[in-house]
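Chemist: What follows is structure_0.cif; its format and atoms are mmCIF, C-alpha atoms (C1' of nucleotides).
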data_data
loop_
_atom_site.label_atom_id
_atom_site.label_comp_id
_atom_site.auth_asym_id
_atom_site.auth_seq_id
_atom_site.Cartn_x
_atom_site.Cartn_y
_atom_site.Cartn_z
CA MET A 1436 101.15 99.47 185.30
CA SER A 1437 103.53 99.85 188.26
CA ALA A 1438 106.56 102.11 188.21
CA ILE A 1439 108.98 99.23 188.13
CA GLN A 1440 107.20 97.77 185.15
CA SER A 1441 107.59 100.97 183.22
CA ARG A 1442 111.23 101.15 184.25
CA ARG A 1443 111.75 97.68 182.86
CA GLU A 1444 110.09 98.71 179.63
CA ARG A 1445 112.39 101.68 179.38
CA GLU A 1446 115.42 99.50 179.98
CA ARG A 1447 114.17 97.10 177.40
CA ALA A 1448 113.67 99.81 174.82
CA HIS A 1449 117.10 101.18 175.60
CA ARG A 1450 118.70 97.79 175.11
CA HIS A 1451 116.75 97.34 171.90
CA GLN A 1452 118.33 100.47 170.49
CA LEU A 1453 121.70 99.43 171.90
CA ILE A 1454 121.58 96.27 169.83
CA VAL A 1455 120.54 98.12 166.70
CA THR A 1456 123.28 100.71 166.92
CA ALA A 1457 125.86 98.08 167.79
CA ALA A 1458 124.91 96.11 164.69
CA ARG A 1459 125.08 99.22 162.60
CA GLU A 1460 128.45 100.32 163.92
CA LEU A 1461 129.90 96.87 163.47
CA ALA A 1462 128.59 96.73 159.91
CA GLU A 1463 129.89 100.18 159.07
CA SER A 1464 133.37 99.43 160.41
CA GLU A 1465 133.84 95.85 159.22
CA GLY A 1466 131.02 95.09 156.79
CA TRP A 1467 127.86 93.06 157.25
CA GLU A 1468 129.59 89.72 156.87
CA ALA A 1469 131.36 90.51 160.16
CA VAL A 1470 128.06 91.00 161.94
CA THR A 1471 127.41 87.64 163.59
CA THR A 1472 125.07 87.06 166.49
CA ARG A 1473 128.01 86.10 168.70
CA ARG A 1474 130.05 89.18 167.98
CA LEU A 1475 126.99 91.33 168.37
CA ALA A 1476 126.15 89.76 171.73
CA GLU A 1477 129.71 90.26 172.91
CA ARG A 1478 129.57 93.88 171.84
CA VAL A 1479 126.42 94.70 173.79
CA GLU A 1480 127.77 92.65 176.72
CA TYR A 1481 124.92 90.19 176.81
CA SER A 1482 124.61 86.60 175.77
CA GLN A 1483 123.23 85.53 172.43
CA PRO A 1484 119.71 84.58 173.56
CA VAL A 1485 118.87 88.13 174.65
CA LEU A 1486 119.13 89.14 171.00
CA TYR A 1487 116.36 86.69 170.28
CA SER A 1488 114.20 88.06 173.06
CA HIS A 1489 114.26 91.38 171.21
CA PHE A 1490 114.26 90.26 167.59
CA ASP A 1491 112.91 87.31 165.67
CA GLY A 1492 116.30 86.64 164.18
CA LYS A 1493 119.28 88.18 162.52
CA GLU A 1494 117.23 89.34 159.56
CA ALA A 1495 114.98 91.30 161.93
CA ILE A 1496 118.02 93.06 163.35
CA VAL A 1497 119.12 94.05 159.87
CA SER A 1498 115.61 95.24 159.21
CA ALA A 1499 115.68 97.39 162.33
CA VAL A 1500 118.93 98.98 161.18
CA ALA A 1501 117.41 99.53 157.76
CA LEU A 1502 114.35 101.17 159.31
CA ASP A 1503 116.58 103.59 161.20
CA GLY A 1504 118.33 104.25 157.92
CA PHE A 1505 115.09 105.08 156.16
CA GLY A 1506 114.28 107.56 158.87
CA GLU A 1507 117.62 109.26 158.46
CA LEU A 1508 117.47 109.19 154.70
CA GLY A 1509 114.06 110.83 154.76
CA ALA A 1510 115.28 113.58 157.07
CA HIS A 1511 118.44 114.04 155.01
CA LEU A 1512 116.52 114.42 151.77
CA ARG A 1513 113.99 116.72 153.37
CA ARG A 1514 116.69 119.04 154.66
CA ALA A 1515 118.27 119.12 151.24
CA ARG A 1516 115.00 119.89 149.51
CA GLN A 1517 114.05 122.66 151.90
CA THR A 1518 117.31 124.53 151.48
CA ALA A 1519 116.65 124.75 147.74
CA SER A 1520 114.46 127.22 145.94
CA GLY A 1521 112.27 126.09 143.07
CA LEU A 1522 111.41 122.60 141.92
CA GLY A 1523 114.39 122.25 139.63
CA GLU A 1524 116.90 123.14 142.30
CA ALA A 1525 115.05 120.94 144.77
CA LEU A 1526 115.41 117.94 142.52
CA ARG A 1527 119.12 118.53 142.12
CA ALA A 1528 119.61 118.96 145.86
CA VAL A 1529 117.63 115.86 146.74
CA CYS A 1530 119.40 113.71 144.17
CA ARG A 1531 122.78 114.90 145.32
CA ALA A 1532 121.85 114.26 148.94
CA TYR A 1533 120.70 110.77 148.04
CA LEU A 1534 123.98 109.80 146.43
CA GLU A 1535 125.85 111.42 149.28
CA PHE A 1536 123.92 109.30 151.75
CA ALA A 1537 124.59 106.12 149.81
CA THR A 1538 128.33 106.67 149.45
CA GLU A 1539 128.96 107.90 152.96
CA ARG A 1540 127.03 105.14 154.73
CA PRO A 1541 127.50 102.14 152.45
CA ALA A 1542 126.72 99.55 155.11
CA LEU A 1543 123.55 101.30 156.14
CA TYR A 1544 122.54 101.66 152.52
CA GLN A 1545 123.14 97.96 151.98
CA ALA A 1546 120.85 97.09 154.86
CA MET A 1547 118.16 99.26 153.34
CA PHE A 1548 118.38 98.12 149.73
CA VAL A 1549 120.55 95.10 149.15
CA LEU A 1550 120.36 92.74 152.09
CA PRO A 1551 117.26 90.60 152.56
CA THR A 1552 114.95 92.11 155.18
CA ASP A 1553 111.50 91.62 156.65
CA LEU A 1554 110.30 95.06 155.62
CA ALA A 1555 106.98 95.29 153.82
CA PHE A 1556 107.02 97.88 151.08
CA ALA A 1557 104.26 98.05 148.55
CA SER A 1558 101.83 96.75 151.14
CA ALA A 1559 99.17 98.90 152.72
CA GLU A 1560 100.77 99.05 156.16
CA THR A 1561 104.11 100.21 154.89
CA PRO A 1562 105.88 102.00 157.80
CA ALA A 1563 105.87 105.75 157.41
CA PRO A 1564 109.68 106.19 157.25
CA LEU A 1565 109.74 104.00 154.18
CA ARG A 1566 107.38 106.32 152.35
CA ALA A 1567 109.01 109.52 153.61
CA GLY A 1568 112.15 109.26 151.50
CA PHE A 1569 110.21 108.49 148.37
CA ASP A 1570 107.83 111.37 149.02
CA GLU A 1571 110.74 113.78 148.95
CA PHE A 1572 111.35 112.82 145.35
CA VAL A 1573 107.68 113.19 144.54
CA ALA A 1574 107.68 116.68 146.05
CA CYS A 1575 110.31 117.73 143.52
CA PHE A 1576 107.74 117.60 140.74
CA SER A 1577 104.78 119.80 140.12
CA PRO A 1578 101.66 118.84 142.10
CA GLU A 1579 99.67 119.37 138.94
CA ASP A 1580 101.55 116.65 137.16
CA ASP A 1581 99.63 113.43 137.66
CA ARG A 1582 102.72 111.53 136.64
CA ARG A 1583 104.94 112.91 139.39
CA GLU A 1584 104.97 109.57 141.19
CA LEU A 1585 106.17 107.92 138.02
CA PHE A 1586 108.91 110.50 137.64
CA ALA A 1587 109.93 109.92 141.24
CA GLU A 1588 110.13 106.18 140.69
CA VAL A 1589 112.35 106.57 137.65
CA VAL A 1590 114.64 109.06 139.36
CA TRP A 1591 114.91 106.90 142.42
CA SER A 1592 115.66 103.85 140.29
CA ALA A 1593 118.37 105.68 138.40
CA LEU A 1594 119.98 106.97 141.58
CA HIS A 1595 119.87 103.57 143.19
CA GLY A 1596 121.45 102.01 140.13
CA MET A 1597 124.15 104.65 140.02
CA ALA A 1598 124.88 104.20 143.72
CA VAL A 1599 125.11 100.45 143.67
CA LEU A 1600 126.84 100.02 140.33
CA SER A 1601 129.52 102.56 141.12
CA ASP A 1602 129.98 101.17 144.63
CA SER A 1603 130.70 97.72 143.21
CA GLY A 1604 132.99 99.15 140.53
CA ARG A 1605 130.74 98.26 137.62
CA ILE A 1606 130.73 101.85 136.43
CA PRO A 1607 133.53 104.35 137.18
CA ALA A 1608 132.84 106.16 140.42
CA GLU A 1609 134.64 109.30 139.35
CA ARG A 1610 132.03 110.09 136.71
CA GLN A 1611 129.17 110.01 139.20
CA GLU A 1612 128.76 113.77 139.14
CA GLU A 1613 128.48 113.86 135.36
CA ARG A 1614 125.88 111.12 135.42
CA LEU A 1615 123.91 112.99 138.03
CA GLU A 1616 123.89 116.17 135.97
CA LEU A 1617 122.83 114.28 132.89
CA LEU A 1618 120.00 112.61 134.73
CA ILE A 1619 118.71 115.88 136.17
CA ALA A 1620 118.97 117.68 132.87
CA ARG A 1621 116.99 114.95 131.17
CA ILE A 1622 114.39 114.07 133.76
CA GLY A 1623 113.89 117.25 135.72
CA GLY A 1624 114.89 120.17 133.60
CA GLY A 1625 112.76 121.54 130.79
CA GLY A 1626 109.30 120.75 132.03
CA ALA A 1627 108.90 117.81 134.28
CA THR A 1628 105.22 118.20 133.56
CA ALA A 1629 105.73 117.51 129.88
CA PRO A 1630 103.76 114.59 128.34
CA MET B 1189 149.81 65.62 125.34
CA SER B 1190 148.56 62.04 125.16
CA ALA B 1191 145.04 61.14 124.09
CA ILE B 1192 144.05 60.10 127.55
CA GLN B 1193 145.23 63.38 128.96
CA SER B 1194 143.05 65.31 126.57
CA ARG B 1195 140.15 63.04 127.36
CA ARG B 1196 140.61 63.82 131.04
CA GLU B 1197 140.65 67.51 130.26
CA ARG B 1198 137.44 67.16 128.33
CA GLU B 1199 135.83 65.32 131.18
CA ARG B 1200 137.06 67.94 133.56
CA ALA B 1201 135.69 70.80 131.47
CA HIS B 1202 132.42 68.96 131.14
CA ARG B 1203 132.15 68.51 134.88
CA HIS B 1204 133.06 72.15 135.38
CA GLN B 1205 130.05 73.19 133.33
CA LEU B 1206 127.93 70.56 135.06
CA ILE B 1207 128.62 72.22 138.38
CA VAL B 1208 127.89 75.68 137.05
CA THR B 1209 124.58 74.73 135.47
CA ALA B 1210 123.58 72.74 138.54
CA ALA B 1211 124.24 75.77 140.74
CA ARG B 1212 122.26 77.94 138.39
CA GLU B 1213 119.31 75.60 138.17
CA LEU B 1214 119.22 75.17 141.93
CA ALA B 1215 119.33 78.93 142.41
CA GLU B 1216 116.62 79.54 139.85
CA SER B 1217 114.30 76.98 141.36
CA GLU B 1218 114.88 77.57 145.07
CA GLY B 1219 116.89 80.78 145.39
CA TRP B 1220 120.56 81.28 146.13
CA GLU B 1221 120.19 80.70 149.85
CA ALA B 1222 119.35 77.09 149.00
CA VAL B 1223 122.59 76.67 147.04
CA THR B 1224 124.92 75.06 149.57
CA THR B 1225 128.05 73.13 148.70
CA ARG B 1226 126.50 69.96 150.08
CA ARG B 1227 123.32 70.19 148.04
CA LEU B 1228 125.31 71.14 144.99
CA ALA B 1229 127.64 68.18 145.43
CA GLU B 1230 124.70 65.85 145.86
CA ARG B 1231 123.11 67.25 142.73
CA VAL B 1232 126.14 66.66 140.50
CA GLU B 1233 126.60 63.26 142.17
CA TYR B 1234 130.07 63.96 143.49
CA SER B 1235 131.39 64.67 146.94
CA GLN B 1236 132.01 68.17 148.22
CA PRO B 1237 135.79 68.28 147.71
CA VAL B 1238 135.51 67.93 143.94
CA LEU B 1239 133.82 71.32 143.88
CA TYR B 1240 136.95 72.75 145.41
CA SER B 1241 139.17 71.08 142.83
CA HIS B 1242 137.31 73.10 140.21
CA PHE B 1243 136.65 76.36 142.04
CA ASP B 1244 138.37 78.33 144.76
CA GLY B 1245 135.20 78.41 146.80
CA LYS B 1246 131.50 79.03 146.70
CA GLU B 1247 131.97 82.63 145.64
CA ALA B 1248 133.92 81.45 142.60
CA ILE B 1249 131.02 79.20 141.62
CA VAL B 1250 128.62 82.13 141.84
CA SER B 1251 131.06 84.13 139.76
CA ALA B 1252 131.12 81.43 137.10
CA VAL B 1253 127.33 81.46 136.94
CA ALA B 1254 127.41 85.24 136.70
CA LEU B 1255 129.94 85.07 133.86
CA ASP B 1256 127.65 82.75 131.93
CA GLY B 1257 124.88 85.21 132.62
CA PHE B 1258 126.85 88.12 131.20
CA GLY B 1259 127.45 86.14 128.05
CA GLU B 1260 123.76 85.45 127.64
CA LEU B 1261 122.76 88.98 128.50
CA GLY B 1262 125.14 90.35 125.89
CA ALA B 1263 123.76 88.05 123.23
CA HIS B 1264 120.19 88.82 124.26
CA LEU B 1265 120.73 92.57 124.03
CA ARG B 1266 122.56 92.25 120.76
CA ARG B 1267 119.73 90.28 119.20
CA ALA B 1268 117.24 92.86 120.38
CA ARG B 1269 119.27 95.76 119.02
CA GLN B 1270 119.79 94.17 115.63
CA THR B 1271 116.11 93.53 115.05
CA ALA B 1272 115.42 97.24 115.46
CA SER B 1273 115.84 99.98 112.90
CA GLY B 1274 117.28 103.31 113.90
CA LEU B 1275 118.97 104.37 117.10
CA GLY B 1276 115.78 105.32 118.89
CA GLU B 1277 114.12 101.99 118.24
CA ALA B 1278 117.34 100.21 119.13
CA LEU B 1279 117.45 101.85 122.55
CA ARG B 1280 113.86 100.88 123.25
CA ALA B 1281 114.45 97.31 122.16
CA VAL B 1282 117.64 96.94 124.18
CA CYS B 1283 116.09 98.42 127.32
CA ARG B 1284 113.06 96.21 127.04
CA ALA B 1285 115.25 93.18 126.51
CA TYR B 1286 117.29 94.09 129.56
CA LEU B 1287 114.29 94.26 131.87
CA GLU B 1288 112.95 91.09 130.32
CA PHE B 1289 116.19 89.32 131.11
CA ALA B 1290 116.20 90.56 134.69
CA THR B 1291 112.62 89.57 135.45
CA GLU B 1292 112.69 86.21 133.72
CA ARG B 1293 115.97 85.03 135.27
CA PRO B 1294 115.98 86.69 138.68
CA ALA B 1295 118.45 84.29 140.26
CA LEU B 1296 120.89 84.64 137.40
CA TYR B 1297 120.52 88.40 137.52
CA GLN B 1298 121.22 88.35 141.25
CA ALA B 1299 124.44 86.45 140.71
CA MET B 1300 125.50 89.03 138.16
CA PHE B 1301 124.61 92.18 140.07
CA VAL B 1302 123.69 91.63 143.70
CA LEU B 1303 125.66 88.75 145.15
CA PRO B 1304 129.33 89.23 146.02
CA THR B 1305 131.58 87.80 143.31
CA ASP B 1306 135.22 87.66 142.33
CA LEU B 1307 134.63 89.40 139.01
CA ALA B 1308 136.88 92.34 138.15
CA PHE B 1309 135.03 95.11 136.41
CA ALA B 1310 136.57 98.50 135.94
CA SER B 1311 140.00 96.88 135.75
CA ALA B 1312 142.00 96.63 132.55
CA GLU B 1313 141.61 92.88 132.15
CA THR B 1314 137.84 92.91 132.46
CA PRO B 1315 136.55 89.78 130.73
CA ALA B 1316 135.02 90.48 127.34
CA PRO B 1317 131.49 89.26 128.20
CA LEU B 1318 131.30 91.87 130.93
CA ARG B 1319 131.92 94.65 128.45
CA ALA B 1320 129.69 93.21 125.73
CA GLY B 1321 126.40 93.97 127.45
CA PHE B 1322 127.39 97.51 128.24
CA ASP B 1323 128.57 98.08 124.69
CA GLU B 1324 125.11 97.29 123.42
CA PHE B 1325 123.82 100.27 125.31
CA VAL B 1326 126.60 102.44 123.98
CA ALA B 1327 125.76 101.38 120.46
CA CYS B 1328 122.27 102.82 120.87
CA PHE B 1329 123.68 106.34 120.80
CA SER B 1330 125.23 108.24 117.95
CA PRO B 1331 128.94 107.50 117.41
CA GLU B 1332 129.46 111.24 117.01
CA ASP B 1333 128.30 111.89 120.53
CA ASP B 1334 131.34 111.85 122.77
CA ARG B 1335 129.04 111.42 125.74
CA ARG B 1336 127.47 108.21 124.55
CA GLU B 1337 129.27 106.22 127.22
CA LEU B 1338 127.83 108.51 129.85
CA PHE B 1339 124.38 108.08 128.41
CA ALA B 1340 124.84 104.33 128.46
CA GLU B 1341 125.91 104.40 132.10
CA VAL B 1342 122.87 106.40 133.13
CA VAL B 1343 120.48 104.20 131.19
CA TRP B 1344 122.04 101.08 132.57
CA SER B 1345 121.84 102.44 136.09
CA ALA B 1346 118.20 103.35 135.69
CA LEU B 1347 117.31 99.95 134.30
CA HIS B 1348 119.21 98.17 137.02
CA GLY B 1349 117.46 100.24 139.65
CA MET B 1350 114.08 99.57 138.11
CA ALA B 1351 114.78 95.86 137.90
CA VAL B 1352 116.00 95.44 141.44
CA LEU B 1353 113.58 97.82 143.15
CA SER B 1354 110.56 96.33 141.48
CA ASP B 1355 111.78 92.79 142.11
CA SER B 1356 112.00 93.50 145.83
CA GLY B 1357 108.63 95.22 145.86
CA ARG B 1358 109.99 98.68 146.61
CA ILE B 1359 108.27 100.12 143.56
CA PRO B 1360 105.14 98.60 142.01
CA ALA B 1361 106.07 96.05 139.38
CA GLU B 1362 102.97 96.66 137.31
CA ARG B 1363 104.09 100.17 136.33
CA GLN B 1364 107.42 98.93 134.94
CA GLU B 1365 106.33 99.50 131.37
CA GLU B 1366 105.35 103.11 132.05
CA ARG B 1367 108.66 103.80 133.73
CA LEU B 1368 110.50 102.30 130.80
CA GLU B 1369 108.65 104.51 128.32
CA LEU B 1370 109.31 107.58 130.43
CA LEU B 1371 113.00 106.79 130.65
CA ILE B 1372 113.35 106.25 126.92
CA ALA B 1373 111.39 109.37 126.08
CA ARG B 1374 113.60 111.45 128.34
CA ILE B 1375 117.01 109.94 127.73
CA GLY B 1376 116.87 108.61 124.23
CA GLY B 1377 114.22 110.46 122.33
CA GLY B 1378 114.65 113.98 120.98
CA GLY B 1379 118.34 114.08 120.35
CA ALA B 1380 120.53 111.85 122.42
CA THR B 1381 123.34 113.94 121.06
CA ALA B 1382 121.99 117.06 122.67
CA PRO B 1383 124.29 118.95 125.03
"C1'" DC C 961 151.93 41.70 137.90
"C1'" DA C 962 153.48 45.37 140.80
"C1'" DC C 963 154.28 50.17 141.18
"C1'" DG C 964 153.40 55.18 141.13
"C1'" DA C 965 150.38 58.81 140.22
"C1'" DT C 966 145.95 60.70 139.78
"C1'" DG C 967 141.64 61.33 141.38
"C1'" DT C 968 137.84 60.72 144.84
"C1'" DC C 969 135.67 60.05 149.24
"C1'" DT C 970 135.11 59.80 154.30
"C1'" DA C 971 135.55 62.27 158.24
"C1'" DG C 972 136.12 66.24 160.72
"C1'" DC C 973 137.35 71.31 161.93
"C1'" DG C 974 135.74 75.80 163.09
"C1'" DT C 975 131.87 78.92 162.66
"C1'" DT C 976 127.21 80.14 161.73
"C1'" DG C 977 122.06 81.10 163.32
"C1'" DC C 978 119.18 79.59 166.75
"C1'" DT C 979 117.11 77.20 171.10
"C1'" DA C 980 116.19 74.30 175.29
"C1'" DG C 981 116.64 74.10 180.17
"C1'" DG C 982 118.75 75.25 184.38
"C1'" DA C 983 120.62 78.94 187.48
"C1'" DT C 984 120.06 83.54 189.39
"C1'" DG C 985 118.03 87.27 191.40
"C1'" DT C 986 114.31 90.50 191.96
"C1'" DG C 987 109.38 91.91 193.50
"C1'" DG C 988 105.09 91.12 195.91
"C1'" DG C 989 102.06 88.72 199.56
"C1'" DC C 990 101.77 87.01 204.17
"C1'" DG D 1111 111.18 89.90 207.54
"C1'" DC D 1112 110.50 85.68 205.09
"C1'" DC D 1113 109.38 82.94 201.36
"C1'" DC D 1114 107.50 81.81 197.18
"C1'" DA D 1115 106.68 82.92 192.30
"C1'" DC D 1116 108.00 84.97 188.43
"C1'" DA D 1117 110.84 87.04 185.11
"C1'" DT D 1118 115.39 87.35 183.36
"C1'" DC D 1119 119.60 85.70 181.79
"C1'" DC D 1120 123.33 82.43 180.72
"C1'" DT D 1121 125.54 77.90 179.77
"C1'" DA D 1122 125.48 74.35 176.70
"C1'" DG D 1123 124.31 72.33 172.65
"C1'" DC D 1124 121.97 71.33 167.86
"C1'" DA D 1125 121.93 71.22 162.94
"C1'" DA D 1126 123.87 73.19 158.95
"C1'" DC D 1127 127.36 75.94 156.83
"C1'" DG D 1128 132.06 76.51 154.00
"C1'" DC D 1129 136.14 74.26 153.65
"C1'" DT D 1130 140.18 70.76 154.19
"C1'" DA D 1131 143.34 66.84 155.62
"C1'" DG D 1132 144.38 62.33 154.94
"C1'" DA D 1133 142.95 57.59 153.79
"C1'" DC D 1134 141.40 54.93 149.92
"C1'" DA D 1135 140.65 53.40 145.31
"C1'" DT D 1136 141.44 53.48 140.51
"C1'" DC D 1137 143.95 53.65 136.41
"C1'" DG D 1138 147.91 53.82 133.13
"C1'" DT D 1139 152.72 52.42 132.88
"C1'" DG D 1140 157.02 49.68 133.18
#
I'd like the structure from this file rewritten - as structure tokens, please.

Modeler:
Amino acid sequence: MSAIQSRRERERAHRHQLIVTAARELAESEGWEAVTTRRLAERVEYSQPVLYSHFDGKEAIVSAVALDGFGELGAHLRRARQTASGLGEALRAVCRAYLEFATERPALYQAMFVLPTDLAFASAETPAPLRAGFDEFVACFSPEDDRRELFAEVVWSALHGMAVLSDSGRIPAERQEERLELLIARIGGGGATAP
Amino acid sequence: MSAIQSRRERERAHRHQLIVTAARELAESEGWEAVTTRRLAERVEYSQPVLYSHFDGKEAIVSAVALDGFGELGAHLRRARQTASGLGEALRAVCRAYLEFATERPALYQAMFVLPTDLAFASAETPAPLRAGFDEFVACFSPEDDRRELFAEVVWSALHGMAVLSDSGRIPAERQEERLELLIARIGGGGATAP
DNA sequence: CACGATGTCTAGCGTTGCTAGGATGTGGGC
DNA sequence: GCCCACATCCTAGCAACGCTAGACATCGTG
């Protein structure tokens, strides 16, 4: 493993991230339909084929962006949960942070949840960042409740539905806060450990 | 309005529906990525340009399929609600019917909720079929509750999230029934009219 | 029968994701 | 210091996509 080899690996890793962030920025400023391999190549100042030496295809690039997104979402939710005191407040903070994330980074959120990707979820070798976000929801329920995972799944589903339906105008966006409060009051409040 | 003119209109309407059902069948058997204008034209035994004499583009065809879907979903939910007795049972029946619809017609459901379409939702002139499905959820809550619309929005969001997250493998599909029961118990049961 | 209008198809444009094969330049052995 | 080998990168191009212009045929009408 010579020094120049390791330098090349560093450069390669750097360019890898360059492509990912370029794709993300382009998507966030003009939408995913504007992210073509040609425009992306132009943006990173390389030719198209170098994209394919880093990724298996366009879908893999989207997946890489999504993976970054899951990392950030996990950290965002964790921060929110840790600044709260008590399980009830934690749930509210995490839910609010989730919707915040979805509305402020719509393109990133799309890559993570709407666009087709290569990411393996329910499988055994699910990447850690993919679990991390979900685990933040789980942590908002009592460890003694053996149904806390189920609660987390339902809350996550509801939040995802609210995010995506309001983003596409299927439900009025201005009532998002009311919906959030209703959800928390019903799911979290008053004994999440209840039968 | 001569007889031959009306005959031509009939033929035209018939071909319109032919295109829509062909697109839907193709999507349901091979997925939407397999629905190209060429394959669709071949399937209805016309050339490509006739598609564009009926629709403004591919997105409009998807929208037409989605519109059909909303009609069917509304009828499906209505049937489910009417076979139940009492508001609580109605909510359970409608929710179950919704998830049933989503899992049994995934391609149709995608056209309605995931794929980009021309459909106008929150606007004033929202087509009736688009409201119909939502109204079935509203009808599951007491007319005296001035927050029944809000309840309906939250339930719909949760169901949509459950449908789409489990379809893409992000939450385990086999626990769908448990999640549904939890949602109903928390949102519907025990006084949907509660503060 | 000839004309005009309506409807349909062939052919092609620009763009997409993706790839083969040649040019370029850098690093290591003599 | 020279030269070869190897890795890297780009030019050029393929098939398929959504969509459209213009030629062609078909049909009802005078």

Chemist: Calculated over all atoms listed in the file, which of the candidates A:Ser1577, A:Arg1540, A:Glu1616, A:Ala1563 has the smallest distance to B:Val1342?

Modeler: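 Nearest candidate to B:Val1342 out of A:Ser1577, A:Arg1540, A:Glu1616, A:Ala1563: A:Glu1616.
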
Chemist: For this file, the PyMOL selection byres ((chain B) within 8 of (chain A)) selects which residues, as a list of chain:residue names?

Modeler: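 Taken on the displayed file, the PyMOL selection byres ((chain B) within 8 of (chain A)) yields the residues B:Val1302, B:Phe1309, B:Ala1310, B:Leu1338, B:Phe1339, B:Glu1341, B:Val1342, B:Val1343, B:Trp1344, B:Ser1345, B:Ala1346, B:Leu1347, B:His1348, B:Gly1349, B:Met1350, B:Leu1353, B:Gly1357, B:Arg1358, B:Ile1359, B:Pro1360, B:Glu1366, B:Arg1367, B:Leu1370, B:Leu1371, B:Arg1374, B:Ile1375.
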
Chemist: How about saving the chosen residues, C-alpha atoms kept, as a short mmCIF file (atom, residue, chain, number, x, y, z; two decimals), in the coordinates of the input?

Modeler:
data_model
loop_
_atom_site.label_atom_id
_atom_site.label_comp_id
_atom_site.auth_asym_id
_atom_site.auth_seq_id
_atom_site.Cartn_x
_atom_site.Cartn_y
_atom_site.Cartn_z
CA VAL B 1302 123.69 91.63 143.70
CA PHE B 1309 135.03 95.11 136.41
CA ALA B 1310 136.57 98.50 135.94
CA LEU B 1338 127.83 108.51 129.85
CA PHE B 1339 124.38 108.08 128.41
CA GLU B 1341 125.91 104.40 132.10
CA VAL B 1342 122.87 106.40 133.13
CA VAL B 1343 120.48 104.20 131.19
CA TRP B 1344 122.04 101.08 132.57
CA SER B 1345 121.84 102.44 136.09
CA ALA B 1346 118.20 103.35 135.69
CA LEU B 1347 117.31 99.95 134.30
CA HIS B 1348 119.21 98.17 137.02
CA GLY B 1349 117.46 100.24 139.65
CA MET B 1350 114.08 99.57 138.11
CA LEU B 1353 113.58 97.82 143.15
CA GLY B 1357 108.63 95.22 145.86
CA ARG B 1358 109.99 98.68 146.61
CA ILE B 1359 108.27 100.12 143.56
CA PRO B 1360 105.14 98.60 142.01
CA GLU B 1366 105.35 103.11 132.05
CA ARG B 1367 108.66 103.80 133.73
CA LEU B 1370 109.31 107.58 130.43
CA LEU B 1371 113.00 106.79 130.65
CA ARG B 1374 113.60 111.45 128.34
CA ILE B 1375 117.01 109.94 127.73
#

Chemist: At most 7 Å from (142.6, 55.1, 141.7), file frame, all atoms listed in the file: which residues, as number ranges by chain?

Modeler: C: 966-967; D: 1135-1137

Chemist: Could you name the residues that touch C:DT976 at 12 Å or less, counting all atoms listed in the file, but leaving out those on the same chain fewer than 6 positions away, as number ranges by chain?

Modeler: A: 1468-1474, 1493; D: 1124-1128

Chemist: Measure the distance from atom CA of A:Val1479 to atom CA of A:Glu1460 in Å and round it to one decimal.

Modeler: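 According to the coordinates, atom CA of A:Val1479 and atom CA of A:Glu1460 are separated by 11.5 Å.
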
Chemist: Show me as a list in words the residues that reach within 10 Å of (113.7, 88.8, 181.7), counting all atoms listed in the file and using the file's own coordinates.

Modeler: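 Those within range, by chain then number, are Arg1443, Arg1447, Val1485 and Ser1488 of chain A; DC1116, DA1117, DT1118 and DC1119 of chain D.
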
Chemist: Check what the PyMOL selection byres ((chain C) within 10 of (chain B)) selects in the file above and give those residues as a list in words.

Modeler: DG967, DT968, DC969 and DT970 of chain C

Chemist: Which residues match the PyMOL selection byres ((chain D and resi 1111) around 12) in the file above, as an mmCIF file with C-alpha atoms (C1' of nucleotides), in the frame of the given file?

Modeler:
data_model
loop_
_atom_site.group_PDB
_atom_site.id
_atom_site.type_symbol
_atom_site.label_atom_id
_atom_site.label_comp_id
_atom_site.auth_asym_id
_atom_site.auth_seq_id
_atom_site.Cartn_x
_atom_site.Cartn_y
_atom_site.Cartn_z
ATOM 1 C "C1'" DC C 990 101.770 87.010 204.170
ATOM 2 C "C1'" DC D 1112 110.500 85.680 205.090
ATOM 3 C "C1'" DC D 1113 109.380 82.940 201.360
#

Chemist: Between atom CA of B:Asp1323 and atom CA of B:Ser1273, what is the distance in Å, rounded to a tenth?

Modeler: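 We find that atom CA of B:Asp1323 and atom CA of B:Ser1273 lie 17.5 Å from each other.
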
Chemist: For each of D:DC1134, D:DC1114, D:DT1139, D:DC1129, take the minimum atom-to-atom distance to chain B, counting all atoms listed in the file, then give the residue where this is smallest.

Modeler: D:DC1129

Chemist: Interatomic distance between atom CA of A:Ala1495 and atom C1' of C:DT979?

Modeler: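 One can read the atom CA of A:Ala1495 to atom C1' of C:DT979 distance as 17.0 Å.
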
Chemist: So which residues touch B:Ala1252 within 10 Å, counting only C-alpha atoms (C1' of nucleotides), skipping near sequence neighbours fewer than 6 positions away, as a CSV table (one decimal) with C-alpha atoms, in the frame of the given file?

Modeler:
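Done, and the output landed in selection_19.csv:
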chain,number,residue,atom,x,y,z
B,1204,HIS,CA,133.1,72.2,135.4
B,1205,GLN,CA,130.0,73.2,133.3
B,1207,ILE,CA,128.6,72.2,138.4
B,1208,VAL,CA,127.9,75.7,137.0
B,1209,THR,CA,124.6,74.7,135.5
B,1211,ALA,CA,124.2,75.8,140.7
B,1212,ARG,CA,122.3,77.9,138.4
B,1243,PHE,CA,136.6,76.4,142.0
B,1246,LYS,CA,131.5,79.0,146.7
B,1258,PHE,CA,126.8,88.1,131.2
B,1299,ALA,CA,124.4,86.4,140.7
B,1300,MET,CA,125.5,89.0,138.2
B,1305,THR,CA,131.6,87.8,143.3
B,1306,ASP,CA,135.2,87.7,142.3
B,1307,LEU,CA,134.6,89.4,139.0
